[in-house]
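Colleague: To be precise about what I am sending: the file is called upload.json and holds JSON, C-alpha atoms and all ligand atoms.
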```
[["chain", "number", "residue", "atom", "x", "y", "z"],
["A", 1, "MET", "CA", 10.89, -23.62, -12.62],
["A", 2, "HIS", "CA", 9.44, -21.43, -9.87],
["A", 3, "ALA", "CA", 8.21, -18.90, -12.46],
["A", 4, "LYS", "CA", 6.58, -21.70, -14.46],
["A", 5, "LEU", "CA", 4.77, -23.03, -11.37],
["A", 6, "ASN", "CA", 3.65, -19.51, -10.56],
["A", 7, "GLN", "CA", 2.27, -19.14, -14.08],
["A", 8, "ILE", "CA", 0.35, -22.43, -13.80],
["A", 9, "ALA", "CA", -1.03, -21.44, -10.37],
["A", 10, "ARG", "CA", -2.21, -18.10, -11.75],
["A", 11, "PHE", "CA", -3.83, -19.79, -14.76],
["A", 12, "CYS", "CA", -5.72, -22.18, -12.45],
["A", 13, "CYS", "CA", -6.81, -19.27, -10.22],
["A", 14, "VAL", "CA", -8.15, -17.38, -13.22],
["A", 15, "LYS", "CA", -10.14, -20.40, -14.39],
["A", 16, "LEU", "CA", -11.48, -21.13, -10.91],
["A", 17, "TRP", "CA", -12.30, -17.51, -10.05],
["A", 18, "PRO", "CA", -16.09, -17.55, -10.83],
["A", 19, "LEU", "CA", -16.55, -20.63, -8.62],
["A", 20, "VAL", "CA", -14.40, -19.28, -5.77],
["A", 21, "SER", "CA", -16.20, -15.93, -5.92],
["A", 22, "PHE", "CA", -19.64, -17.60, -5.70],
["A", 23, "PHE", "CA", -18.80, -19.67, -2.60],
["A", 24, "HIS", "CA", -16.78, -16.88, -1.01],
["A", 25, "LYS", "CA", -19.78, -14.51, -1.07],
["A", 26, "LEU", "CA", -22.12, -17.27, 0.07],
["A", 27, "LEU", "CA", -20.06, -18.56, 2.99],
["A", 28, "ILE", "CA", -18.02, -15.65, 4.33],
["A", 29, "GLN", "CA", -19.84, -12.86, 6.14],
["A", 30, "PRO", "CA", -17.41, -10.04, 6.98],
["A", 31, "GLU", "CA", -17.35, -8.53, 10.46],
["A", 32, "PRO", "CA", -18.96, -5.04, 10.63],
["A", 33, "GLY", "CA", -16.39, -2.30, 10.04],
["A", 34, "ALA", "CA", -13.82, -4.65, 8.48],
["A", 35, "PHE", "CA", -11.82, -3.18, 5.62],
["A", 36, "ARG", "CA", -8.87, -3.91, 3.38],
["A", 37, "ILE", "CA", -6.03, -1.71, 2.20],
["A", 38, "LEU", "CA", -4.59, -1.86, -1.30],
["A", 39, "MET", "CA", -0.91, -1.03, -1.78],
["A", 40, "LEU", "CA", 0.12, 0.37, -5.16],
["A", 41, "HIS", "CA", 3.38, 1.93, -6.37],
["A", 42, "ASP", "CA", 4.25, 3.48, -9.73],
["A", 43, "VAL", "CA", 1.21, 3.78, -12.05],
["A", 44, "PRO", "CA", 2.62, 4.75, -15.46],
["A", 45, "GLU", "CA", 0.49, 6.11, -18.30],
["A", 46, "SER", "CA", 0.76, 2.75, -20.11],
["A", 47, "LYS", "CA", -1.27, 1.12, -17.29],
["A", 48, "ALA", "CA", -3.91, 3.87, -16.99],
["A", 49, "ALA", "CA", -6.65, 1.79, -18.68],
["A", 50, "ASN", "CA", -6.05, -1.14, -16.29],
["A", 51, "PHE", "CA", -6.05, 1.25, -13.35],
["A", 52, "HIS", "CA", -9.42, 2.72, -14.41],
["A", 53, "ARG", "CA", -10.85, -0.79, -14.72],
["A", 54, "LEU", "CA", -9.57, -1.68, -11.24],
["A", 55, "LEU", "CA", -11.05, 1.44, -9.62],
["A", 56, "GLN", "CA", -14.42, 0.98, -11.33],
["A", 57, "TYR", "CA", -14.52, -2.60, -10.07],
["A", 58, "LEU", "CA", -13.56, -1.57, -6.52],
["A", 59, "LEU", "CA", -16.16, 1.20, -6.42],
["A", 60, "GLU", "CA", -18.89, -1.08, -7.69],
["A", 61, "ASP", "CA", -18.16, -4.28, -5.74],
["A", 62, "TYR", "CA", -16.38, -3.09, -2.58],
["A", 63, "GLY", "CA", -16.58, 0.67, -2.07],
["A", 64, "ILE", "CA", -13.55, 2.87, -1.34],
["A", 65, "LEU", "CA", -12.90, 4.55, 2.02],
["A", 66, "THR", "CA", -11.25, 7.89, 2.63],
["A", 67, "PRO", "CA", -8.24, 7.82, 5.00],
["A", 68, "GLN", "CA", -10.40, 9.57, 7.61],
["A", 69, "GLU", "CA", -13.07, 6.86, 7.35],
["A", 70, "ALA", "CA", -10.40, 4.19, 7.84],
["A", 71, "GLU", "CA", -9.06, 6.09, 10.87],
["A", 72, "ALA", "CA", -12.56, 6.25, 12.38],
["A", 73, "ARG", "CA", -12.87, 2.45, 12.06],
["A", 74, "LEU", "CA", -9.47, 1.86, 13.64],
["A", 75, "THR", "CA", -10.16, 4.12, 16.60],
["A", 76, "GLY", "CA", -13.68, 2.72, 17.03],
["A", 77, "GLU", "CA", -15.28, 6.13, 16.38],
["A", 78, "SER", "CA", -17.38, 4.70, 13.54],
["A", 79, "VAL", "CA", -18.03, 1.04, 12.76],
["A", 80, "PRO", "CA", -20.51, 0.86, 9.86],
["A", 81, "LEU", "CA", -22.21, -2.36, 8.77],
["A", 82, "ASP", "CA", -21.23, -2.01, 5.06],
["A", 83, "ARG", "CA", -24.07, -4.37, 4.03],
["A", 84, "GLY", "CA", -21.80, -7.40, 3.74],
["A", 85, "ARG", "CA", -19.09, -5.62, 1.74],
["A", 86, "VAL", "CA", -15.47, -5.09, 2.77],
["A", 87, "PRO", "CA", -14.42, -1.67, 1.44],
["A", 88, "TYR", "CA", -10.89, -0.72, 0.42],
["A", 89, "LEU", "CA", -8.55, 2.12, 1.34],
["A", 90, "LEU", "CA", -6.06, 3.00, -1.42],
["A", 91, "THR", "CA", -2.39, 3.65, -0.64],
["A", 92, "PHE", "CA", 0.60, 4.45, -2.86],
["A", 93, "ASP", "CA", 4.16, 3.78, -1.68],
["A", 94, "ASP", "CA", 7.54, 5.30, -2.57],
["A", 95, "GLY", "CA", 6.43, 8.70, -3.97],
["A", 96, "PHE", "CA", 6.62, 8.05, -7.70],
["A", 97, "LYS", "CA", 5.96, 11.08, -9.91],
["A", 98, "SER", "CA", 3.29, 9.12, -11.81],
["A", 99, "ASN", "CA", 1.15, 9.29, -8.64],
["A", 100, "ILE", "CA", 0.58, 12.99, -9.31],
["A", 101, "ALA", "CA", -1.05, 12.37, -12.69],
["A", 102, "VAL", "CA", -3.00, 9.51, -11.09],
["A", 103, "ALA", "CA", -4.26, 11.82, -8.33],
["A", 104, "ARG", "CA", -5.18, 14.68, -10.65],
["A", 105, "GLU", "CA", -6.59, 12.77, -13.60],
["A", 106, "VAL", "CA", -7.93, 9.53, -12.15],
["A", 107, "LEU", "CA", -8.64, 9.74, -8.41],
["A", 108, "GLU", "CA", -10.20, 13.18, -8.78],
["A", 109, "HIS", "CA", -12.44, 11.85, -11.57],
["A", 110, "TYR", "CA", -13.90, 9.22, -9.19],
["A", 111, "GLY", "CA", -13.79, 11.41, -6.05],
["A", 112, "ILE", "CA", -11.33, 9.07, -4.29],
["A", 113, "LYS", "CA", -8.93, 10.20, -1.54],
["A", 114, "SER", "CA", -5.83, 8.14, -0.80],
["A", 115, "ILE", "CA", -2.70, 7.97, 1.32],
["A", 116, "PHE", "CA", 0.66, 8.60, -0.34],
["A", 117, "PHE", "CA", 3.62, 7.21, 1.61],
["A", 118, "VAL", "CA", 6.76, 9.17, 0.75],
["A", 119, "CYS", "CA", 10.41, 9.34, 1.89],
["A", 120, "PRO", "CA", 11.22, 13.03, 2.58],
["A", 121, "GLY", "CA", 14.93, 12.28, 2.08],
["A", 122, "PHE", "CA", 14.17, 11.87, -1.64],
["A", 123, "LEU", "CA", 11.80, 14.79, -2.26],
["A", 124, "ASP", "CA", 14.41, 17.30, -3.42],
["A", 125, "LEU", "CA", 16.74, 15.07, -5.38],
["A", 126, "PRO", "CA", 18.09, 16.31, -8.73],
["A", 127, "ARG", "CA", 16.52, 14.50, -11.71],
["A", 128, "GLU", "CA", 19.81, 12.75, -12.61],
["A", 129, "ARG", "CA", 19.85, 10.89, -9.26],
["A", 130, "HIS", "CA", 16.33, 9.44, -9.47],
["A", 131, "GLU", "CA", 17.24, 6.21, -11.28],
["A", 132, "GLU", "CA", 20.13, 5.45, -8.92],
["A", 133, "VAL", "CA", 17.97, 6.04, -5.83],
["A", 134, "ILE", "CA", 15.01, 4.04, -7.14],
["A", 135, "VAL", "CA", 17.18, 1.05, -8.11],
["A", 136, "ASP", "CA", 19.41, 1.09, -5.00],
["A", 137, "SER", "CA", 16.93, 2.12, -2.32],
["A", 138, "PHE", "CA", 13.59, 0.72, -3.50],
["A", 139, "TYR", "CA", 14.81, -2.44, -5.24],
["A", 140, "GLU", "CA", 18.02, -2.93, -3.20],
["A", 141, "GLY", "CA", 19.82, -3.19, -6.56],
["A", 142, "LYS", "CA", 17.74, -6.23, -7.61],
["A", 143, "ILE", "CA", 15.74, -4.87, -10.52],
["A", 144, "ASP", "CA", 15.02, -7.41, -13.28],
["A", 145, "GLU", "CA", 13.45, -5.09, -15.84],
["A", 146, "SER", "CA", 14.93, -2.30, -17.93],
["A", 147, "PHE", "CA", 14.51, 1.02, -16.15],
["A", 148, "PRO", "CA", 11.75, 3.12, -17.79],
["A", 149, "GLU", "CA", 13.10, 6.55, -18.71],
["A", 150, "GLU", "CA", 9.91, 8.30, -17.54],
["A", 151, "ARG", "CA", 10.03, 6.78, -14.03],
["A", 152, "ARG", "CA", 10.75, 9.61, -11.61],
["A", 153, "LEU", "CA", 10.16, 10.65, -8.01],
["A", 154, "MET", "CA", 7.86, 13.40, -6.80],
["A", 155, "SER", "CA", 9.04, 16.70, -5.33],
["A", 156, "TRP", "CA", 7.97, 18.81, -2.36],
["A", 157, "ASP", "CA", 5.69, 20.83, -4.69],
["A", 158, "ASP", "CA", 4.05, 17.57, -5.78],
["A", 159, "CYS", "CA", 3.44, 16.61, -2.14],
["A", 160, "GLN", "CA", 1.94, 20.02, -1.46],
["A", 161, "LEU", "CA", -0.36, 19.53, -4.43],
["A", 162, "LEU", "CA", -1.57, 16.22, -3.01],
["A", 163, "VAL", "CA", -2.28, 17.86, 0.35],
["A", 164, "GLN", "CA", -4.18, 20.72, -1.34],
["A", 165, "SER", "CA", -6.25, 18.13, -3.23],
["A", 166, "GLY", "CA", -7.36, 16.55, 0.06],
["A", 167, "HIS", "CA", -5.10, 13.48, 0.02],
["A", 168, "THR", "CA", -3.17, 12.26, 3.05],
["A", 169, "ILE", "CA", 0.62, 12.10, 3.24],
["A", 170, "GLY", "CA", 2.22, 9.32, 5.27],
["A", 171, "ALA", "CA", 5.87, 8.67, 6.12],
["A", 172, "HIS", "CA", 7.66, 5.78, 4.41],
["A", 173, "SER", "CA", 10.87, 6.23, 6.46],
["A", 174, "LEU", "CA", 13.42, 8.94, 5.74],
["A", 175, "SER", "CA", 15.36, 7.19, 2.96],
["A", 176, "HIS", "CA", 13.81, 3.73, 2.51],
["A", 177, "ARG", "CA", 16.35, 1.79, 4.57],
["A", 178, "ARG", "CA", 15.48, -1.66, 5.90],
["A", 179, "LEU", "CA", 14.70, -0.90, 9.56],
["A", 180, "THR", "CA", 15.77, -4.31, 10.86],
["A", 181, "GLY", "CA", 19.37, -3.79, 9.72],
["A", 182, "LEU", "CA", 19.89, -0.45, 11.49],
["A", 183, "ASP", "CA", 21.48, 0.47, 14.81],
["A", 184, "GLY", "CA", 19.42, 2.35, 17.41],
["A", 185, "ALA", "CA", 20.24, 5.93, 16.33],
["A", 186, "ASP", "CA", 19.75, 5.29, 12.60],
["A", 187, "ARG", "CA", 16.54, 3.39, 13.22],
["A", 188, "PHE", "CA", 15.17, 6.22, 15.35],
["A", 189, "ARG", "CA", 16.12, 8.77, 12.68],
["A", 190, "GLU", "CA", 14.58, 6.76, 9.81],
["A", 191, "ILE", "CA", 11.30, 6.44, 11.72],
["A", 192, "VAL", "CA", 10.87, 9.72, 13.60],
["A", 193, "ALA", "CA", 12.53, 12.34, 11.37],
["A", 194, "PRO", "CA", 10.28, 11.85, 8.29],
["A", 195, "GLY", "CA", 7.12, 12.62, 10.29],
["A", 196, "GLN", "CA", 8.65, 15.80, 11.70],
["A", 197, "ILE", "CA", 10.05, 16.95, 8.35],
["A", 198, "LEU", "CA", 6.80, 16.28, 6.49],
["A", 199, "GLU", "CA", 4.73, 18.07, 9.12],
["A", 200, "SER", "CA", 6.91, 21.18, 9.17],
["A", 201, "ARG", "CA", 7.23, 21.43, 5.36],
["A", 202, "LEU", "CA", 3.61, 20.60, 4.50],
["A", 203, "GLY", "CA", 1.84, 22.06, 7.55],
["A", 204, "VAL", "CA", -0.37, 18.99, 8.13],
["A", 205, "PRO", "CA", -0.31, 16.27, 10.80],
["A", 206, "VAL", "CA", 1.42, 13.04, 9.74],
["A", 207, "LYS", "CA", -0.20, 10.12, 11.54],
["A", 208, "TRP", "CA", 0.48, 7.27, 9.09],
["A", 209, "PHE", "CA", 3.67, 5.27, 8.61],
["A", 210, "ALA", "CA", 4.41, 2.40, 6.20],
["A", 211, "TYR", "CA", 7.65, 0.59, 6.88],
["A", 212, "PRO", "CA", 9.91, -0.05, 3.84],
["A", 213, "PHE", "CA", 9.84, -3.45, 2.10],
["A", 214, "GLY", "CA", 6.65, -4.42, 3.97],
["A", 215, "GLY", "CA", 7.52, -8.08, 4.66],
["A", 216, "ILE", "CA", 7.82, -9.66, 8.08],
["A", 217, "ASP", "CA", 11.62, -9.50, 7.76],
["A", 218, "GLY", "CA", 11.42, -5.71, 7.30],
["A", 219, "ILE", "CA", 10.12, -5.03, 10.82],
["A", 220, "ASP", "CA", 10.95, -5.92, 14.42],
["A", 221, "ALA", "CA", 9.65, -5.15, 17.91],
["A", 222, "PRO", "CA", 12.01, -2.20, 18.68],
["A", 223, "SER", "CA", 11.08, -0.50, 15.38],
["A", 224, "LEU", "CA", 7.36, -1.00, 15.96],
["A", 225, "GLU", "CA", 7.71, 0.44, 19.43],
["A", 226, "ILE", "CA", 9.28, 3.64, 18.05],
["A", 227, "ILE", "CA", 6.68, 3.79, 15.28],
["A", 228, "GLY", "CA", 3.92, 3.45, 17.90],
["A", 229, "SER", "CA", 5.37, 6.31, 19.95],
["A", 230, "ARG", "CA", 5.33, 8.69, 16.96],
["A", 231, "TYR", "CA", 2.47, 7.60, 14.65],
["A", 232, "SER", "CA", -1.11, 6.42, 15.13],
["A", 233, "PHE", "CA", -1.25, 3.96, 12.22],
["A", 234, "CYS", "CA", 1.36, 1.71, 10.61],
["A", 235, "CYS", "CA", 0.99, -0.35, 7.41],
["A", 236, "SER", "CA", 2.83, -3.54, 6.50],
["A", 237, "GLY", "CA", 2.91, -5.24, 3.11],
["A", 238, "LEU", "CA", 1.37, -8.47, 4.40],
["A", 239, "ARG", "CA", -1.95, -9.63, 3.00],
["A", 240, "GLY", "CA", -5.11, -9.77, 5.10],
["A", 241, "ILE", "CA", -8.20, -8.07, 6.42],
["A", 242, "ASN", "CA", -8.25, -5.27, 9.03],
["A", 243, "LEU", "CA", -10.87, -5.25, 11.75],
["A", 244, "PRO", "CA", -12.16, -2.17, 13.62],
["A", 245, "LYS", "CA", -10.38, -1.14, 16.82],
["A", 246, "LYS", "CA", -7.55, -3.55, 16.05],
["A", 247, "ARG", "CA", -4.21, -3.67, 14.25],
["A", 248, "ALA", "CA", -3.68, 0.13, 14.05],
["A", 249, "LEU", "CA", 0.09, -0.42, 14.20],
["A", 250, "LYS", "CA", 0.19, -3.63, 12.12],
["A", 251, "LEU", "CA", -2.20, -3.02, 9.28],
["A", 252, "LEU", "CA", -2.34, -5.55, 6.47],
["A", 253, "ARG", "CA", -2.39, -4.63, 2.80],
["A", 254, "GLU", "CA", -3.22, -6.46, -0.41],
["A", 255, "GLN", "CA", -0.96, -5.88, -3.38],
["A", 256, "LEU", "CA", -1.29, -6.61, -7.07],
["A", 257, "LEU", "CA", 0.26, -5.71, -10.39],
["A", 258, "LEU", "CA", -1.87, -3.74, -12.81],
["A", 259, "ASP", "CA", -0.81, -5.92, -15.74],
["A", 260, "MET", "CA", -1.91, -9.17, -14.06],
["A", 261, "PRO", "CA", -4.98, -10.87, -15.63],
["A", 262, "PHE", "CA", -8.04, -9.05, -14.31],
["A", 263, "GLU", "CA", -9.55, -12.27, -12.91],
["A", 264, "TYR", "CA", -6.38, -12.77, -10.85],
["A", 265, "GLN", "CA", -6.66, -9.19, -9.54],
["A", 266, "GLN", "CA", -10.28, -9.93, -8.57],
["A", 267, "LEU", "CA", -9.17, -13.06, -6.75],
["A", 268, "ILE", "CA", -6.56, -11.11, -4.76],
["A", 269, "LEU", "CA", -9.05, -8.36, -3.89],
["A", 270, "SER", "CA", -11.51, -10.94, -2.54],
["A", 271, "GLY", "CA", -8.90, -11.95, 0.05],
["A", 272, "ALA", "CA", -8.55, -15.45, -1.36],
["A", 273, "LEU", "CA", -4.73, -15.21, -1.09],
["A", 274, "ASP", "CA", -4.71, -14.04, 2.56],
["A", 275, "PHE", "CA", -3.74, -17.55, 3.65],
["A", 276, "TYR", "CA", -0.38, -17.02, 1.94],
["A", 277, "HIS", "CA", 0.65, -14.46, 4.59],
["A", 278, "TYR", "CA", -1.37, -15.89, 7.49],
["A", 279, "THR", "CA", 1.56, -17.10, 9.62],
["A", 280, "ARG", "CA", 3.56, -13.94, 8.85],
["A", 281, "ALA", "CA", 0.58, -11.76, 9.91],
["A", 282, "LYS", "CA", 0.45, -13.76, 13.16],
["A", 283, "ARG", "CA", 4.16, -13.09, 13.72],
["A", 284, "LEU", "CA", 3.54, -9.39, 13.12],
["A", 285, "ASP", "CA", 0.77, -9.56, 15.72],
["A", 286, "ARG", "CA", 3.17, -10.89, 18.32],
["A", 287, "LEU", "CA", 5.70, -8.05, 17.82],
["A", 288, "ILE", "CA", 3.58, -5.44, 19.58],
["A", 289, "ASN", "CA", 0.23, -4.98, 21.34],
["A", 290, "GLY", "CA", -1.98, -2.48, 19.57],
["B", 301, "ZN", "ZN", 8.73, 1.25, -0.44]]
```
What do you get writing this file as structure tokens?

Modeller:
Amino acid sequence: MHAKLNQIARFCCVKLWPLVSFFHKLLIQPEPGAFRILMLHDVPESKAANFHRLLQYLLEDYGILTPQEAEARLTGESVPLDRGRVPYLLTFDDGFKSNIAVAREVLEHYGIKSIFFVCPGFLDLPRERHEEVIVDSFYEGKIDESFPEERRLMSWDDCQLLVQSGHTIGAHSLSHRRLTGLDGADRFREIVAPGQILESRLGVPVKWFAYPFGGIDGIDAPSLEIIGSRYSFCCSGLRGINLPKKRALKLLREQLLLDMPFEYQQLILSGALDFYHYTRAKRLDRLING
């Protein structure tokens, strides 16, 4: 029943998109320096065409920031006007092997730099353990699709390759455990250790953190406090816009599936679904100052 309602809602959104888009552009003037972050995960070869279409649309209609440009907005170092547009920063969570092909064959083609959030506890796993870790740790055992044979995790060499290509590596906890369910020592380890391990193995500063599962129930005040003591920027999975000099530790991110109807993806990218997470984003705000 819920799936059916969802399908109907999406169909209506797709049909209404041209109208919504027209009034959205007419009525909403973004604040200078505002930007959005897109959260992606595995991008398999079968979705490459959809991914190209998405990037071309983002480049044309929104513009895409480098991680350094996003950092400059968040620290207040640079707050450009953007001529009425709200550019996007691209991020990839979980460290899927497909991200390497994406970085080399797609992002490089368009000159885009992104942030890849990885769990260093999974970067030297033997191939035969990848499926078990992905299903248990990323999906908490609740996967409702058959597991694609080609789905794998990246290695330390892959991470090094991303760094050499000018991308940014962020920490996504040590082993993708839900921070809110952990005791003090485990929570500290899951948050602080990945930054230290990534920095010493890759030889680059690690300033970005994205907490696992991304929802408001995946984070709490003690965790955010530790994150704030170790990292400069922290991403959630809640929808919404990010304003300059604000939210560095409670950044909002849009998410979509590459096989959704393109009009529905456009609707999400416009921010039209931000209302859905509005109260949760407010709760995130109250967890920490900064
Ligand atoms: Zn994740």

Colleague: Collect all residues with atoms no farther than 9 Å from ligand ZN 301 (chain B), counting only C-alpha atoms and all ligand atoms, and output them as a VMD selection string.

Modeller: chain A and resid 41 93 to 95 117 to 119 137 to 139 172 to 173 176 210 to 214

Colleague: Kindly give the distance, in Å, that separates atom CA of Val102 of chain A and atom CA of Leu198 of chain A, rounded to a single decimal.

Modeller: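 Separation between atom CA of Val102 of chain A and atom CA of Leu198 of chain A: 21.2 Å.
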
Colleague: Axis-aligned box over every listed atom of segment 218-221 of chain A, padded by 8 Å per side: centre and edges in Å to one decimal, as JSON?

Modeller:
```
{"center_x": 10.5, "center_y": -5.5, "center_z": 12.6, "size_x": 17.8, "size_y": 16.9, "size_z": 26.6}
```

Colleague: Nearest residue to Arg178 of chain A out of A:Ala193, A:Ile216, A:Ile100, A:Leu243, using all atoms listed in the file?

Modeller: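 For Arg178 of chain A, the nearest of the given residues is A:Ile216.
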
Colleague: Excluding Val43 of chain A and any residue of its chain fewer than 2 positions from it, enumerate the residues within 7 Å of it, using all atoms listed in the file, and give them as a list in words.

Modeller: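 Using all atoms listed in the file, the neighbours found are His41, Glu45, Lys47, Ser98 and Asn99 of chain A.
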
Colleague: Compile the contact shell of Gly141 of chain A as a list in words: residues with an atom at most 12 Å away, counting all atoms listed in the file, same-chain residues fewer than 6 positions apart removed.

Modeller: Glu131, Glu132, Val133, Ile134, Val135 and Phe147 of chain A

Colleague: I need the residue nearest Phe92 of chain A from this list: A:Ser223, A:Ser155, A:Ser114, A:Ser146. Use all atoms listed in the file for the distance.

Modeller: A:Ser114

Colleague: Return the single residue from A:Gln160, A:Asn289, A:Gln265, A:Thr180 that is closest to Phe51 of chain A, with distances computed using only C-alpha atoms.

Modeller: A:Gln265

Colleague: Between atom CA of Thr75 of chain A and atom CA of Leu40 of chain A, measure the distance and give it in Å to one decimal.

Modeller: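 Interatomic distance, atom CA of Thr75 of chain A to atom CA of Leu40 of chain A: 24.4 Å.
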
Colleague: Distance atom CA of Ile241 of chain A-atom CA of Ala48 of chain A, one decimal place?

Modeller: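 Taking atom CA of Ile241 of chain A as the start and atom CA of Ala48 of chain A as the end point, the length is 26.6 Å.
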
Colleague: Go through A:Phe188, A:Arg253, A:Leu202, A:Leu59 and flag the residue nearest Ile227 of chain A, using all atoms listed in the file for the distances.

Modeller: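 Of the candidates, the smallest distance to Ile227 of chain A is held by A:Phe188.
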
Colleague: Select, from A:Lys245, A:Leu224, A:Glu149, A:Phe96, the residue with the minimum atom-to-atom distance to Glu77 of chain A, counting all atoms listed in the file.

Modeller: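 So, comparing all the options, the nearest one is A:Lys245.
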
Colleague: Of the residues A:Leu107, A:Ala221, A:Val79, A:Leu161, which is the one nearest to Thr91 of chain A, using all atoms listed in the file?

Modeller: A:Leu107

Colleague: Can you tell me which residues surround Ile112 of chain A at a distance of at most 9 Å, considering all atoms listed in the file, apart from same-chain residues fewer than 2 positions away, and format the answer as a list in words?

Modeller: Ile64, Leu65, Thr66, Leu90, Ala103, Val106, Leu107, Glu108, His109, Tyr110, Ser114 and His167 of chain A
